[in-house]
>>> print(open('query25.cif').read())   # mmCIF, C-alpha atoms
data_my_file
#
loop_
_atom_site.group_PDB
_atom_site.id
_atom_site.type_symbol
_atom_site.label_atom_id
_atom_site.label_comp_id
_atom_site.auth_asym_id
_atom_site.auth_seq_id
_atom_site.Cartn_x
_atom_site.Cartn_y
_atom_site.Cartn_z
ATOM 1 C CA MET A 5 141.326 114.447 32.722
ATOM 2 C CA ASN A 6 144.567 115.062 34.642
ATOM 3 C CA ARG A 7 147.132 112.589 36.009
ATOM 4 C CA ARG A 8 145.491 112.544 39.467
ATOM 5 C CA ASP A 9 142.099 111.470 37.988
ATOM 6 C CA VAL A 10 143.705 108.679 35.933
ATOM 7 C CA VAL A 11 145.538 107.281 38.966
ATOM 8 C CA LYS A 12 142.350 107.420 41.048
ATOM 9 C CA ARG A 13 140.272 105.535 38.444
ATOM 10 C CA VAL A 14 142.884 102.852 37.881
ATOM 11 C CA SER A 15 143.257 102.308 41.640
ATOM 12 C CA THR A 16 139.487 101.999 42.071
ATOM 13 C CA GLY A 17 139.316 99.391 39.254
ATOM 14 C CA LEU A 18 142.119 97.311 40.713
ATOM 15 C CA ALA A 19 140.487 97.375 44.141
ATOM 16 C CA ALA A 20 137.221 96.136 42.656
ATOM 17 C CA LEU A 21 138.993 93.229 40.930
ATOM 18 C CA SER A 22 140.633 92.167 44.169
ATOM 19 C CA THR A 23 137.466 92.365 46.293
ATOM 20 C CA PRO A 24 136.754 88.782 47.559
ATOM 21 C CA HIS A 25 132.978 88.839 47.023
ATOM 22 C CA LEU A 26 133.452 89.599 43.337
ATOM 23 C CA VAL A 27 135.648 86.517 42.691
ATOM 24 C CA SER A 28 133.771 83.320 41.764
ATOM 25 C CA ALA A 29 135.966 80.317 42.520
ATOM 26 C CA ARG A 30 134.769 77.155 40.704
ATOM 27 C CA PRO A 31 136.115 73.779 41.800
ATOM 28 C CA VAL A 32 138.037 72.024 39.060
ATOM 29 C CA ALA A 33 136.881 68.433 38.564
ATOM 30 C CA ALA A 34 139.670 65.886 38.638
ATOM 31 C CA PRO A 35 140.101 64.168 35.261
ATOM 32 C CA ARG A 36 138.809 60.604 35.118
ATOM 33 C CA ARG A 37 141.411 57.881 35.208
ATOM 34 C CA ARG A 38 141.400 54.730 33.117
ATOM 35 C CA LEU A 39 141.644 51.653 35.296
ATOM 36 C CA LEU A 40 141.541 48.839 32.739
ATOM 37 C CA ARG A 41 141.779 48.365 28.965
ATOM 38 C CA ILE A 42 140.277 45.159 27.553
ATOM 39 C CA ALA A 43 140.580 43.739 24.047
ATOM 40 C CA HIS A 44 137.220 42.070 23.439
ATOM 41 C CA LEU A 45 137.764 39.352 20.822
ATOM 42 C CA THR A 46 134.675 37.373 19.966
ATOM 43 C CA ASP A 47 133.685 34.809 17.328
ATOM 44 C CA VAL A 48 137.129 33.742 16.151
ATOM 45 C CA HIS A 49 135.611 30.570 14.605
ATOM 46 C CA MET A 50 138.938 28.813 14.274
ATOM 47 C CA GLN A 51 139.126 26.155 11.581
ATOM 48 C CA PRO A 52 141.980 24.495 9.671
ATOM 49 C CA ILE A 53 141.066 26.070 6.297
ATOM 50 C CA ILE A 54 140.714 29.457 4.532
ATOM 51 C CA GLY A 55 143.431 31.198 6.512
ATOM 52 C CA ALA A 56 141.638 31.349 9.857
ATOM 53 C CA ALA A 57 144.834 30.697 11.830
ATOM 54 C CA LYS A 58 146.711 33.447 9.963
ATOM 55 C CA GLY A 59 143.822 35.834 10.470
ATOM 56 C CA PHE A 60 143.679 35.186 14.213
ATOM 57 C CA GLU A 61 147.455 35.600 14.392
ATOM 58 C CA ARG A 62 147.208 38.954 12.587
ATOM 59 C CA CYS A 63 144.518 40.111 15.023
ATOM 60 C CA LEU A 64 146.644 39.185 18.051
ATOM 61 C CA HIS A 65 149.661 41.002 16.613
ATOM 62 C CA HIS A 66 147.566 44.091 15.846
ATOM 63 C CA LEU A 67 146.272 44.520 19.395
ATOM 64 C CA GLN A 68 149.643 43.784 21.020
ATOM 65 C CA ASP A 69 151.407 46.286 18.734
ATOM 66 C CA LEU A 70 149.128 49.161 19.729
ATOM 67 C CA PRO A 71 151.066 52.076 21.309
ATOM 68 C CA ASP A 72 148.733 51.811 24.316
ATOM 69 C CA ARG A 73 148.046 48.125 24.358
ATOM 70 C CA PRO A 74 145.344 46.290 26.371
ATOM 71 C CA ASP A 75 145.812 44.870 29.846
ATOM 72 C CA LEU A 76 144.021 41.647 28.960
ATOM 73 C CA ILE A 77 142.080 39.807 26.266
ATOM 74 C CA LEU A 78 138.469 38.799 26.739
ATOM 75 C CA ASN A 79 137.434 35.909 24.491
ATOM 76 C CA GLY A 80 133.681 36.385 24.000
ATOM 77 C CA GLY A 81 132.926 32.856 22.793
ATOM 78 C CA ASP A 82 132.759 30.814 19.583
ATOM 79 C CA ALA A 83 136.500 30.311 19.657
ATOM 80 C CA ILE A 84 136.148 27.433 17.180
ATOM 81 C CA MET A 85 134.134 27.123 14.003
ATOM 82 C CA GLU A 86 131.719 24.370 14.936
ATOM 83 C CA ALA A 87 131.527 21.648 17.554
ATOM 84 C CA HIS A 88 127.821 20.926 17.161
ATOM 85 C CA GLY A 89 127.280 17.662 15.311
ATOM 86 C CA ARG A 90 130.938 17.315 14.319
ATOM 87 C CA SER A 91 133.097 14.299 14.996
ATOM 88 C CA GLN A 92 135.322 14.364 18.029
ATOM 89 C CA GLU A 93 138.384 14.319 15.775
ATOM 90 C CA SER A 94 137.175 17.422 13.940
ATOM 91 C CA VAL A 95 136.539 19.258 17.208
ATOM 92 C CA LYS A 96 139.958 18.246 18.551
ATOM 93 C CA ARG A 97 141.641 19.705 15.439
ATOM 94 C CA GLN A 98 139.789 23.000 15.828
ATOM 95 C CA TRP A 99 140.677 23.369 19.508
ATOM 96 C CA SER A 100 144.276 22.357 18.889
ATOM 97 C CA LEU A 101 144.705 25.053 16.248
ATOM 98 C CA TYR A 102 143.010 27.739 18.351
ATOM 99 C CA ASN A 103 145.194 27.039 21.375
ATOM 100 C CA LYS A 104 148.347 26.750 19.262
ATOM 101 C CA VAL A 105 147.881 30.243 17.816
ATOM 102 C CA LEU A 106 146.927 31.710 21.192
ATOM 103 C CA THR A 107 149.944 30.136 22.906
ATOM 104 C CA ASN A 108 152.474 31.079 20.222
ATOM 105 C CA GLU A 109 151.243 34.566 19.308
ATOM 106 C CA ASN A 110 149.897 36.085 22.528
ATOM 107 C CA ALA A 111 151.573 37.376 25.689
ATOM 108 C CA LEU A 112 148.523 38.881 27.421
ATOM 109 C CA PRO A 113 146.287 37.253 30.053
ATOM 110 C CA VAL A 114 143.022 35.847 28.670
ATOM 111 C CA LEU A 115 139.528 35.559 30.147
ATOM 112 C CA SER A 116 136.993 33.414 28.319
ATOM 113 C CA CYS A 117 133.257 33.089 27.822
ATOM 114 C CA ILE A 118 131.571 29.992 26.357
ATOM 115 C CA GLY A 119 129.891 30.304 22.948
ATOM 116 C CA ASN A 120 127.345 28.037 21.316
ATOM 117 C CA HIS A 121 129.827 26.814 18.685
ATOM 118 C CA ASP A 122 132.311 25.816 21.403
ATOM 119 C CA ILE A 123 130.044 23.148 22.878
ATOM 120 C CA TRP A 124 130.242 19.688 21.372
ATOM 121 C CA CYS A 125 126.673 18.496 21.049
ATOM 122 C CA HIS A 126 125.916 15.164 19.463
ATOM 123 C CA GLN A 127 122.618 13.395 18.880
ATOM 124 C CA ASP A 128 122.620 9.731 19.905
ATOM 125 C CA ARG A 129 120.657 6.903 18.292
ATOM 126 C CA ASN A 130 117.638 7.639 20.479
ATOM 127 C CA GLY A 131 117.507 11.257 19.360
ATOM 128 C CA SER A 132 118.827 12.623 22.660
ATOM 129 C CA PHE A 133 121.468 15.348 22.628
ATOM 130 C CA LEU A 134 124.709 14.819 24.528
ATOM 131 C CA SER A 135 126.399 18.064 25.558
ATOM 132 C CA GLY A 136 130.163 18.468 25.844
ATOM 133 C CA ARG A 137 130.235 21.782 27.719
ATOM 134 C CA GLN A 138 132.956 20.483 30.035
ATOM 135 C CA TRP A 139 135.166 19.819 27.026
ATOM 136 C CA ALA A 140 134.871 23.483 26.008
ATOM 137 C CA MET A 141 135.555 24.582 29.582
ATOM 138 C CA ASP A 142 138.710 22.460 29.693
ATOM 139 C CA GLU A 143 139.989 23.932 26.408
ATOM 140 C CA LEU A 144 139.265 27.462 27.648
ATOM 141 C CA HIS A 145 140.805 26.752 31.072
ATOM 142 C CA LEU A 146 137.562 27.479 32.899
ATOM 143 C CA THR A 147 136.743 25.911 36.251
ATOM 144 C CA GLN A 148 133.222 27.424 36.192
ATOM 145 C CA ARG A 149 130.900 28.033 33.238
ATOM 146 C CA TYR A 150 129.960 31.423 34.739
ATOM 147 C CA TYR A 151 132.068 33.422 37.163
ATOM 148 C CA SER A 152 133.120 36.849 38.404
ATOM 149 C CA LEU A 153 136.404 38.506 39.225
ATOM 150 C CA ASP A 154 137.677 41.897 40.332
ATOM 151 C CA ARG A 155 140.208 43.759 38.216
ATOM 152 C CA ASN A 156 141.531 47.244 38.939
ATOM 153 C CA GLY A 157 138.452 48.459 40.782
ATOM 154 C CA TRP A 158 135.880 46.878 38.433
ATOM 155 C CA ARG A 159 133.904 43.672 38.861
ATOM 156 C CA ILE A 160 133.648 41.612 35.674
ATOM 157 C CA ILE A 161 130.793 39.089 35.557
ATOM 158 C CA VAL A 162 131.002 36.459 32.797
ATOM 159 C CA LEU A 163 127.777 34.595 32.007
ATOM 160 C CA ASP A 164 126.896 31.379 30.172
ATOM 161 C CA SER A 165 124.211 32.330 27.630
ATOM 162 C CA VAL A 166 123.823 28.976 25.924
ATOM 163 C CA GLN A 167 121.263 26.475 27.213
ATOM 164 C CA PRO A 168 119.485 23.440 25.755
ATOM 165 C CA LYS A 169 115.823 23.905 24.889
ATOM 166 C CA ALA A 170 113.128 22.417 27.108
ATOM 167 C CA ASP A 171 112.918 19.375 24.829
ATOM 168 C CA GLY A 172 116.679 18.858 25.085
ATOM 169 C CA SER A 173 117.410 20.064 21.549
ATOM 170 C CA TRP A 174 120.103 22.630 20.808
ATOM 171 C CA TYR A 175 119.957 25.613 21.756
ATOM 172 C CA THR A 176 118.372 28.763 23.231
ATOM 173 C CA ALA A 177 119.852 31.844 24.958
ATOM 174 C CA HIS A 178 118.972 32.604 28.560
ATOM 175 C CA LEU A 179 120.259 32.060 32.084
ATOM 176 C CA ASP A 180 119.204 28.854 33.787
ATOM 177 C CA GLU A 181 117.695 29.259 37.258
ATOM 178 C CA GLU A 182 120.856 28.225 39.073
ATOM 179 C CA GLN A 183 122.857 30.858 37.209
ATOM 180 C CA TYR A 184 120.223 33.579 37.627
ATOM 181 C CA THR A 185 120.096 32.972 41.400
ATOM 182 C CA TRP A 186 123.893 33.222 41.500
ATOM 183 C CA LEU A 187 123.821 36.475 39.493
ATOM 184 C CA GLU A 188 121.254 38.000 41.864
ATOM 185 C CA ALA A 189 123.458 37.162 44.840
ATOM 186 C CA GLU A 190 126.593 38.382 43.067
ATOM 187 C CA LEU A 191 125.115 41.791 42.287
ATOM 188 C CA LYS A 192 123.727 42.109 45.816
ATOM 189 C CA ALA A 193 127.133 41.331 47.308
ATOM 190 C CA THR A 194 128.985 43.803 45.076
ATOM 191 C CA PRO A 195 129.643 47.144 46.829
ATOM 192 C CA ALA A 196 127.587 49.973 45.336
ATOM 193 C CA SER A 197 130.830 51.862 44.734
ATOM 194 C CA THR A 198 132.227 49.091 42.500
ATOM 195 C CA PRO A 199 131.229 49.405 38.825
ATOM 196 C CA VAL A 200 130.170 46.191 37.088
ATOM 197 C CA LEU A 201 130.818 44.951 33.543
ATOM 198 C CA ILE A 202 128.616 42.085 32.290
ATOM 199 C CA VAL A 203 129.890 39.702 29.596
ATOM 200 C CA SER A 204 127.811 37.202 27.627
ATOM 201 C CA HIS A 205 128.231 35.467 24.287
ATOM 202 C CA VAL A 206 124.683 36.067 23.058
ATOM 203 C CA PRO A 207 123.475 39.682 23.373
ATOM 204 C CA ILE A 208 121.248 40.431 26.343
ATOM 205 C CA LEU A 209 119.916 43.423 24.396
ATOM 206 C CA ALA A 210 120.844 44.470 20.852
ATOM 207 C CA ALA A 211 119.550 46.311 17.802
ATOM 208 C CA CYS A 212 121.642 44.466 15.211
ATOM 209 C CA VAL A 213 119.588 41.287 15.698
ATOM 210 C CA PHE A 214 116.847 42.935 13.614
ATOM 211 C CA PHE A 215 119.204 43.097 10.621
ATOM 212 C CA ASP A 216 120.581 39.552 10.703
ATOM 213 C CA GLY A 217 118.543 37.655 8.142
ATOM 214 C CA LYS A 218 114.902 38.151 7.158
ATOM 215 C CA ARG A 219 113.563 39.314 10.483
ATOM 216 C CA PHE A 220 110.442 41.182 9.324
ATOM 217 C CA GLU A 221 107.562 39.276 7.763
ATOM 218 C CA GLY A 222 103.948 40.318 7.400
ATOM 219 C CA ASP A 223 103.614 43.007 10.044
ATOM 220 C CA HIS A 224 105.832 41.408 12.707
ATOM 221 C CA TRP A 225 109.470 41.602 13.671
ATOM 222 C CA ASN A 226 110.805 38.155 14.469
ATOM 223 C CA VAL A 227 113.925 37.665 16.611
ATOM 224 C CA PRO A 228 114.735 34.060 17.586
ATOM 225 C CA SER A 229 115.821 33.290 21.132
ATOM 226 C CA ARG A 230 119.097 32.046 19.652
ATOM 227 C CA TRP A 231 119.859 35.586 18.412
ATOM 228 C CA MET A 232 119.145 37.458 21.676
ATOM 229 C CA HIS A 233 118.459 36.426 25.276
ATOM 230 C CA SER A 234 114.855 35.356 25.803
ATOM 231 C CA ASP A 235 115.095 36.622 29.406
ATOM 232 C CA THR A 236 115.979 40.199 28.403
ATOM 233 C CA VAL A 237 113.124 41.736 30.403
ATOM 234 C CA ARG A 238 114.081 39.764 33.499
ATOM 235 C CA LEU A 239 117.762 40.671 33.266
ATOM 236 C CA THR A 240 117.269 44.361 32.496
ATOM 237 C CA GLY A 241 114.867 44.502 35.432
ATOM 238 C CA LEU A 242 117.533 42.994 37.669
ATOM 239 C CA PHE A 243 120.198 45.427 36.427
ATOM 240 C CA ASN A 244 117.819 48.305 37.149
ATOM 241 C CA GLN A 245 118.101 47.484 40.850
ATOM 242 C CA TYR A 246 121.872 48.044 40.740
ATOM 243 C CA PRO A 247 123.003 51.372 39.245
ATOM 244 C CA ASN A 248 126.615 50.202 39.396
ATOM 245 C CA VAL A 249 125.922 47.842 36.452
ATOM 246 C CA LYS A 250 127.400 50.046 33.733
ATOM 247 C CA ALA A 251 127.825 48.010 30.558
ATOM 248 C CA ALA A 252 127.372 44.621 28.908
ATOM 249 C CA LEU A 253 129.516 43.110 26.133
ATOM 250 C CA SER A 254 128.479 40.427 23.666
ATOM 251 C CA GLY A 255 129.244 38.948 20.266
ATOM 252 C CA HIS A 256 127.440 36.137 18.399
ATOM 253 C CA ILE A 257 125.765 38.266 15.698
ATOM 254 C CA HIS A 258 129.001 39.285 13.900
ATOM 255 C CA LEU A 259 127.619 42.831 13.713
ATOM 256 C CA THR A 260 128.358 45.938 15.781
ATOM 257 C CA ASP A 261 125.934 48.120 17.684
ATOM 258 C CA ARG A 262 125.370 49.983 20.920
ATOM 259 C CA VAL A 263 122.080 50.137 22.785
ATOM 260 C CA ASP A 264 121.744 52.416 25.812
ATOM 261 C CA TYR A 265 118.828 51.348 27.962
ATOM 262 C CA ASN A 266 117.980 52.364 31.498
ATOM 263 C CA GLY A 267 121.491 53.423 32.423
ATOM 264 C CA VAL A 268 123.303 50.408 30.942
ATOM 265 C CA SER A 269 125.226 50.419 27.639
ATOM 266 C CA TYR A 270 124.969 47.168 25.669
ATOM 267 C CA TYR A 271 127.731 46.643 23.090
ATOM 268 C CA CYS A 272 127.647 43.922 20.437
ATOM 269 C CA ASN A 273 131.239 43.743 19.199
ATOM 270 C CA GLY A 274 131.348 42.156 15.757
ATOM 271 C CA ALA A 275 133.623 39.184 15.066
ATOM 272 C CA VAL A 276 137.308 38.482 14.661
ATOM 273 C CA SER A 277 136.301 36.230 11.756
ATOM 274 C CA GLY A 278 134.020 38.787 10.074
ATOM 275 C CA ALA A 279 131.793 36.714 7.785
ATOM 276 C CA TRP A 280 133.314 33.451 9.044
ATOM 277 C CA TRP A 281 136.603 34.299 7.290
ATOM 278 C CA PHE A 282 134.962 35.404 4.047
ATOM 279 C CA GLY A 283 135.346 39.198 4.337
ATOM 280 C CA ARG A 284 132.848 41.599 5.871
ATOM 281 C CA TYR A 285 129.518 40.557 7.312
ATOM 282 C CA HIS A 286 127.029 43.175 6.125
ATOM 283 C CA HIS A 287 128.541 46.488 7.330
ATOM 284 C CA THR A 288 130.987 44.966 9.828
ATOM 285 C CA SER A 289 134.617 44.185 9.051
ATOM 286 C CA ALA A 290 136.613 41.521 10.819
ATOM 287 C CA GLY A 291 137.809 43.136 14.038
ATOM 288 C CA TYR A 292 137.752 43.443 17.794
ATOM 289 C CA ALA A 293 136.826 46.069 20.382
ATOM 290 C CA LEU A 294 138.982 48.086 22.740
ATOM 291 C CA VAL A 295 137.011 48.588 25.949
ATOM 292 C CA ASP A 296 138.276 51.197 28.393
ATOM 293 C CA LEU A 297 136.959 51.170 31.972
ATOM 294 C CA TYR A 298 137.334 54.314 34.097
ATOM 295 C CA ASP A 299 137.347 55.135 37.797
ATOM 296 C CA ASP A 300 134.094 57.130 37.517
ATOM 297 C CA GLY A 301 132.225 54.084 36.174
ATOM 298 C CA SER A 302 132.233 55.261 32.564
ATOM 299 C CA VAL A 303 133.006 52.966 29.631
ATOM 300 C CA GLU A 304 134.399 53.606 26.163
ATOM 301 C CA ASN A 305 134.007 50.894 23.514
ATOM 302 C CA ARG A 306 135.778 51.277 20.158
ATOM 303 C CA TYR A 307 135.690 48.701 17.346
ATOM 304 C CA LEU A 308 138.915 48.257 15.376
ATOM 305 C CA SER A 309 139.456 46.494 12.074
ATOM 306 C CA TYR A 310 142.827 44.786 12.093
#
>>> encode(input="query25.cif", output="structure tokens")
Amino acid sequence: MNRRDVVKRVSTGLAALSTPHLVSARPVAAPRRRLLRIAHLTDVHMQPIIGAAKGFERCLHHLQDLPDRPDLILNGGDAIMEAHGRSQESVKRQWSLYNKVLTNENALPVLSCIGNHDIWCHQDRNGSFLSGRQWAMDELHLTQRYYSLDRNGWRIIVLDSVQPKADGSWYTAHLDEEQYTWLEAELKATPASTPVLIVSHVPILAACVFFDGKRFEGDHWNVPSRWMHSDTVRLTGLFNQYPNVKAALSGHIHLTDRVDYNGVSYYCNGAVSGAWWFGRYHHTSAGYALVDLYDDGSVENRYLSY
């Protein structure tokens, strides 16, 4: 091979590389962009004993000291230990302590959801139950027991899971008809391009409910309607009509799980109080979740022990 042959072959190769029909140009997808970071704190169960106030304070410091800290806090319900059947003085002390810690130790905006333990419910002499839901709403600075709001391109819908039973006794988990009708209209009115995050205290759908207590007897699994929404089929059917419903957050069980069903991710996010301030509850440490919402409708949910 002489110099002329080498030059000819190299020139032919370079020409082939520069021929337009041989170049495959692939579009580069733009990276997704995070629009909102939420700290989901649920089941604080504030009480004036066993270091609950110090624990809640530590949790608030932990999330605010993160290098990439949240934009807001979402209180998922059960802010106080127990209102049901307690004296009004006891409930006042619990709320006072919860709000004192939140006011003194937190600088982030807070959204709230009502939990079953937040609602003062007292049985009168005739056996009827008197509900103090408005009291809980006032302490949580809520004008509505269920509501929606838009934040950074996402619509957040906060539901009220906790309802009295048909006989008036306390309590079961589902949406009353008024609330369900509102939710239908809310989803219908939300633009298809706007992703939706659902928030409830009691899980709409969860796997961890099968591990909370003795749930299997004989040859049947048994999940009470206080553990998980009794209208799960109805709600998942509704969400199926709206592909922009992307995820649902809950607490209540003090355990963590993720269930992906029909295009929606359901996250049960443990408890700030763990086992009601006595360490871990089964496998779940005391903690909270960081929930990242992106412009492509995707969601990342990460549970942190503080």
>>> atom_distance(input="query25.cif", atom1="atom CA of A:Cys272", atom2="atom CA of A:Gly255")
5.2 Å
>>> resolve_selection(input="query25.cif", expression="the PyMOL selection byres ((chain A and resi 145) around 12)", output="PyMOL selection string")
chain A and resi 79+103+113-118+138-144+146-149
>>> atom_distance(input="query25.cif", atom1="atom CA of A:Tyr271", atom2="atom CA of A:Ala111")
25.7 Å
>>> resolve_selection(input="query25.cif", expression="the PyMOL selection byres ((chain A and resi 99) around 9)", output="MDAnalysis selection string")
chainID A and resid 50:51 83:84 94:98 100:104 122 140 143
>>> resolve_selection(input="query25.cif", expression="the PyMOL selection byres ((chain A and resi 191-204) around 8)", output="PDB file with C-alpha atoms, in the frame of the given file")
ATOM      1  CA  GLY A  80     133.681  36.385  24.000  1.00  0.00           C
ATOM      2  CA  CYS A 117     133.257  33.089  27.822  1.00  0.00           C
ATOM      3  CA  GLY A 157     138.452  48.459  40.782  1.00  0.00           C
ATOM      4  CA  TRP A 158     135.880  46.878  38.433  1.00  0.00           C
ATOM      5  CA  ARG A 159     133.904  43.672  38.861  1.00  0.00           C
ATOM      6  CA  ILE A 160     133.648  41.612  35.674  1.00  0.00           C
ATOM      7  CA  ILE A 161     130.793  39.089  35.557  1.00  0.00           C
ATOM      8  CA  VAL A 162     131.002  36.459  32.797  1.00  0.00           C
ATOM      9  CA  LEU A 163     127.777  34.595  32.007  1.00  0.00           C
ATOM     10  CA  ASP A 164     126.896  31.379  30.172  1.00  0.00           C
ATOM     11  CA  SER A 165     124.211  32.330  27.630  1.00  0.00           C
ATOM     12  CA  LEU A 187     123.821  36.475  39.493  1.00  0.00           C
ATOM     13  CA  GLU A 188     121.254  38.000  41.864  1.00  0.00           C
ATOM     14  CA  ALA A 189     123.458  37.162  44.840  1.00  0.00           C
ATOM     15  CA  GLU A 190     126.593  38.382  43.067  1.00  0.00           C
ATOM     16  CA  HIS A 205     128.231  35.467  24.287  1.00  0.00           C
ATOM     17  CA  VAL A 206     124.683  36.067  23.058  1.00  0.00           C
ATOM     18  CA  PRO A 207     123.475  39.682  23.373  1.00  0.00           C
ATOM     19  CA  ILE A 208     121.248  40.431  26.343  1.00  0.00           C
ATOM     20  CA  TYR A 246     121.872  48.044  40.740  1.00  0.00           C
ATOM     21  CA  PRO A 247     123.003  51.372  39.245  1.00  0.00           C
ATOM     22  CA  ASN A 248     126.615  50.202  39.396  1.00  0.00           C
ATOM     23  CA  VAL A 249     125.922  47.842  36.452  1.00  0.00           C
ATOM     24  CA  LYS A 250     127.400  50.046  33.733  1.00  0.00           C
ATOM     25  CA  ALA A 251     127.825  48.010  30.558  1.00  0.00           C
ATOM     26  CA  ALA A 252     127.372  44.621  28.908  1.00  0.00           C
ATOM     27  CA  LEU A 253     129.516  43.110  26.133  1.00  0.00           C
ATOM     28  CA  SER A 254     128.479  40.427  23.666  1.00  0.00           C
ATOM     29  CA  GLY A 255     129.244  38.948  20.266  1.00  0.00           C
ATOM     30  CA  GLY A 301     132.225  54.084  36.174  1.00  0.00           C
TER      31      GLY A 301
END
>>> atom_distance(input="query25.cif", atom1="atom CA of A:Ser277", atom2="atom CA of A:Ile53")
12.5 Å
>>> closest_residue(input="query25.cif", among="A:Ile257, A:Val268, A:Leu39, A:Ala170", to="A:Asp154", atoms="all atoms listed in the file")
A:Leu39
>>> build_atoms(input="query25.cif", residues="stretch 271-282 of chain A", atoms="N, CA, C and O atoms", output="PDB file, keeping the file's coordinate frame")
ATOM      1  N   TYR A 271     126.896  46.603  24.286  1.00  0.00           N
ATOM      2  CA  TYR A 271     127.731  46.643  23.090  1.00  0.00           C
ATOM      3  C   TYR A 271     127.807  45.253  22.463  1.00  0.00           C
ATOM      4  O   TYR A 271     128.226  44.295  23.118  1.00  0.00           O
ATOM      5  N   CYS A 272     127.428  45.151  21.201  1.00  0.00           N
ATOM      6  CA  CYS A 272     127.647  43.922  20.437  1.00  0.00           C
ATOM      7  C   CYS A 272     128.873  44.187  19.565  1.00  0.00           C
ATOM      8  O   CYS A 272     128.864  45.119  18.743  1.00  0.00           O
ATOM      9  N   ASN A 273     129.920  43.378  19.724  1.00  0.00           N
ATOM     10  CA  ASN A 273     131.239  43.743  19.199  1.00  0.00           C
ATOM     11  C   ASN A 273     131.734  42.879  18.039  1.00  0.00           C
ATOM     12  O   ASN A 273     132.860  42.369  18.048  1.00  0.00           O
ATOM     13  N   GLY A 274     130.889  42.723  17.011  1.00  0.00           N
ATOM     14  CA  GLY A 274     131.348  42.156  15.757  1.00  0.00           C
ATOM     15  C   GLY A 274     131.930  40.770  15.869  1.00  0.00           C
ATOM     16  O   GLY A 274     131.458  39.933  16.642  1.00  0.00           O
ATOM     17  N   ALA A 275     133.004  40.514  15.088  1.00  0.00           N
ATOM     18  CA  ALA A 275     133.623  39.184  15.066  1.00  0.00           C
ATOM     19  C   ALA A 275     135.039  39.289  14.537  1.00  0.00           C
ATOM     20  O   ALA A 275     135.296  39.990  13.546  1.00  0.00           O
ATOM     21  N   VAL A 276     135.947  38.577  15.172  1.00  0.00           N
ATOM     22  CA  VAL A 276     137.308  38.482  14.661  1.00  0.00           C
ATOM     23  C   VAL A 276     137.298  37.856  13.268  1.00  0.00           C
ATOM     24  O   VAL A 276     138.093  38.217  12.400  1.00  0.00           O
ATOM     25  N   SER A 277     136.370  36.938  13.036  1.00  0.00           N
ATOM     26  CA  SER A 277     136.301  36.230  11.756  1.00  0.00           C
ATOM     27  C   SER A 277     135.483  36.954  10.697  1.00  0.00           C
ATOM     28  O   SER A 277     135.388  36.469   9.558  1.00  0.00           O
ATOM     29  N   GLY A 278     134.880  38.107  11.044  1.00  0.00           N
ATOM     30  CA  GLY A 278     134.020  38.787  10.074  1.00  0.00           C
ATOM     31  C   GLY A 278     132.896  37.874   9.628  1.00  0.00           C
ATOM     32  O   GLY A 278     132.132  37.365  10.449  1.00  0.00           O
ATOM     33  N   ALA A 279     132.797  37.636   8.328  1.00  0.00           N
ATOM     34  CA  ALA A 279     131.793  36.714   7.785  1.00  0.00           C
ATOM     35  C   ALA A 279     132.375  35.309   7.745  1.00  0.00           C
ATOM     36  O   ALA A 279     132.509  34.697   6.683  1.00  0.00           O
ATOM     37  N   TRP A 280     132.772  34.796   8.916  1.00  0.00           N
ATOM     38  CA  TRP A 280     133.314  33.451   9.044  1.00  0.00           C
ATOM     39  C   TRP A 280     134.505  33.252   8.100  1.00  0.00           C
ATOM     40  O   TRP A 280     134.634  32.266   7.423  1.00  0.00           O
ATOM     41  N   TRP A 281     135.376  34.253   8.073  1.00  0.00           N
ATOM     42  CA  TRP A 281     136.603  34.299   7.290  1.00  0.00           C
ATOM     43  C   TRP A 281     136.376  34.502   5.796  1.00  0.00           C
ATOM     44  O   TRP A 281     137.241  34.187   4.987  1.00  0.00           O
ATOM     45  N   PHE A 282     135.214  35.039   5.442  1.00  0.00           N
ATOM     46  CA  PHE A 282     134.962  35.404   4.047  1.00  0.00           C
ATOM     47  C   PHE A 282     134.626  36.895   3.954  1.00  0.00           C
ATOM     48  O   PHE A 282     133.564  37.287   3.475  1.00  0.00           O
TER      49      PHE A 282
END
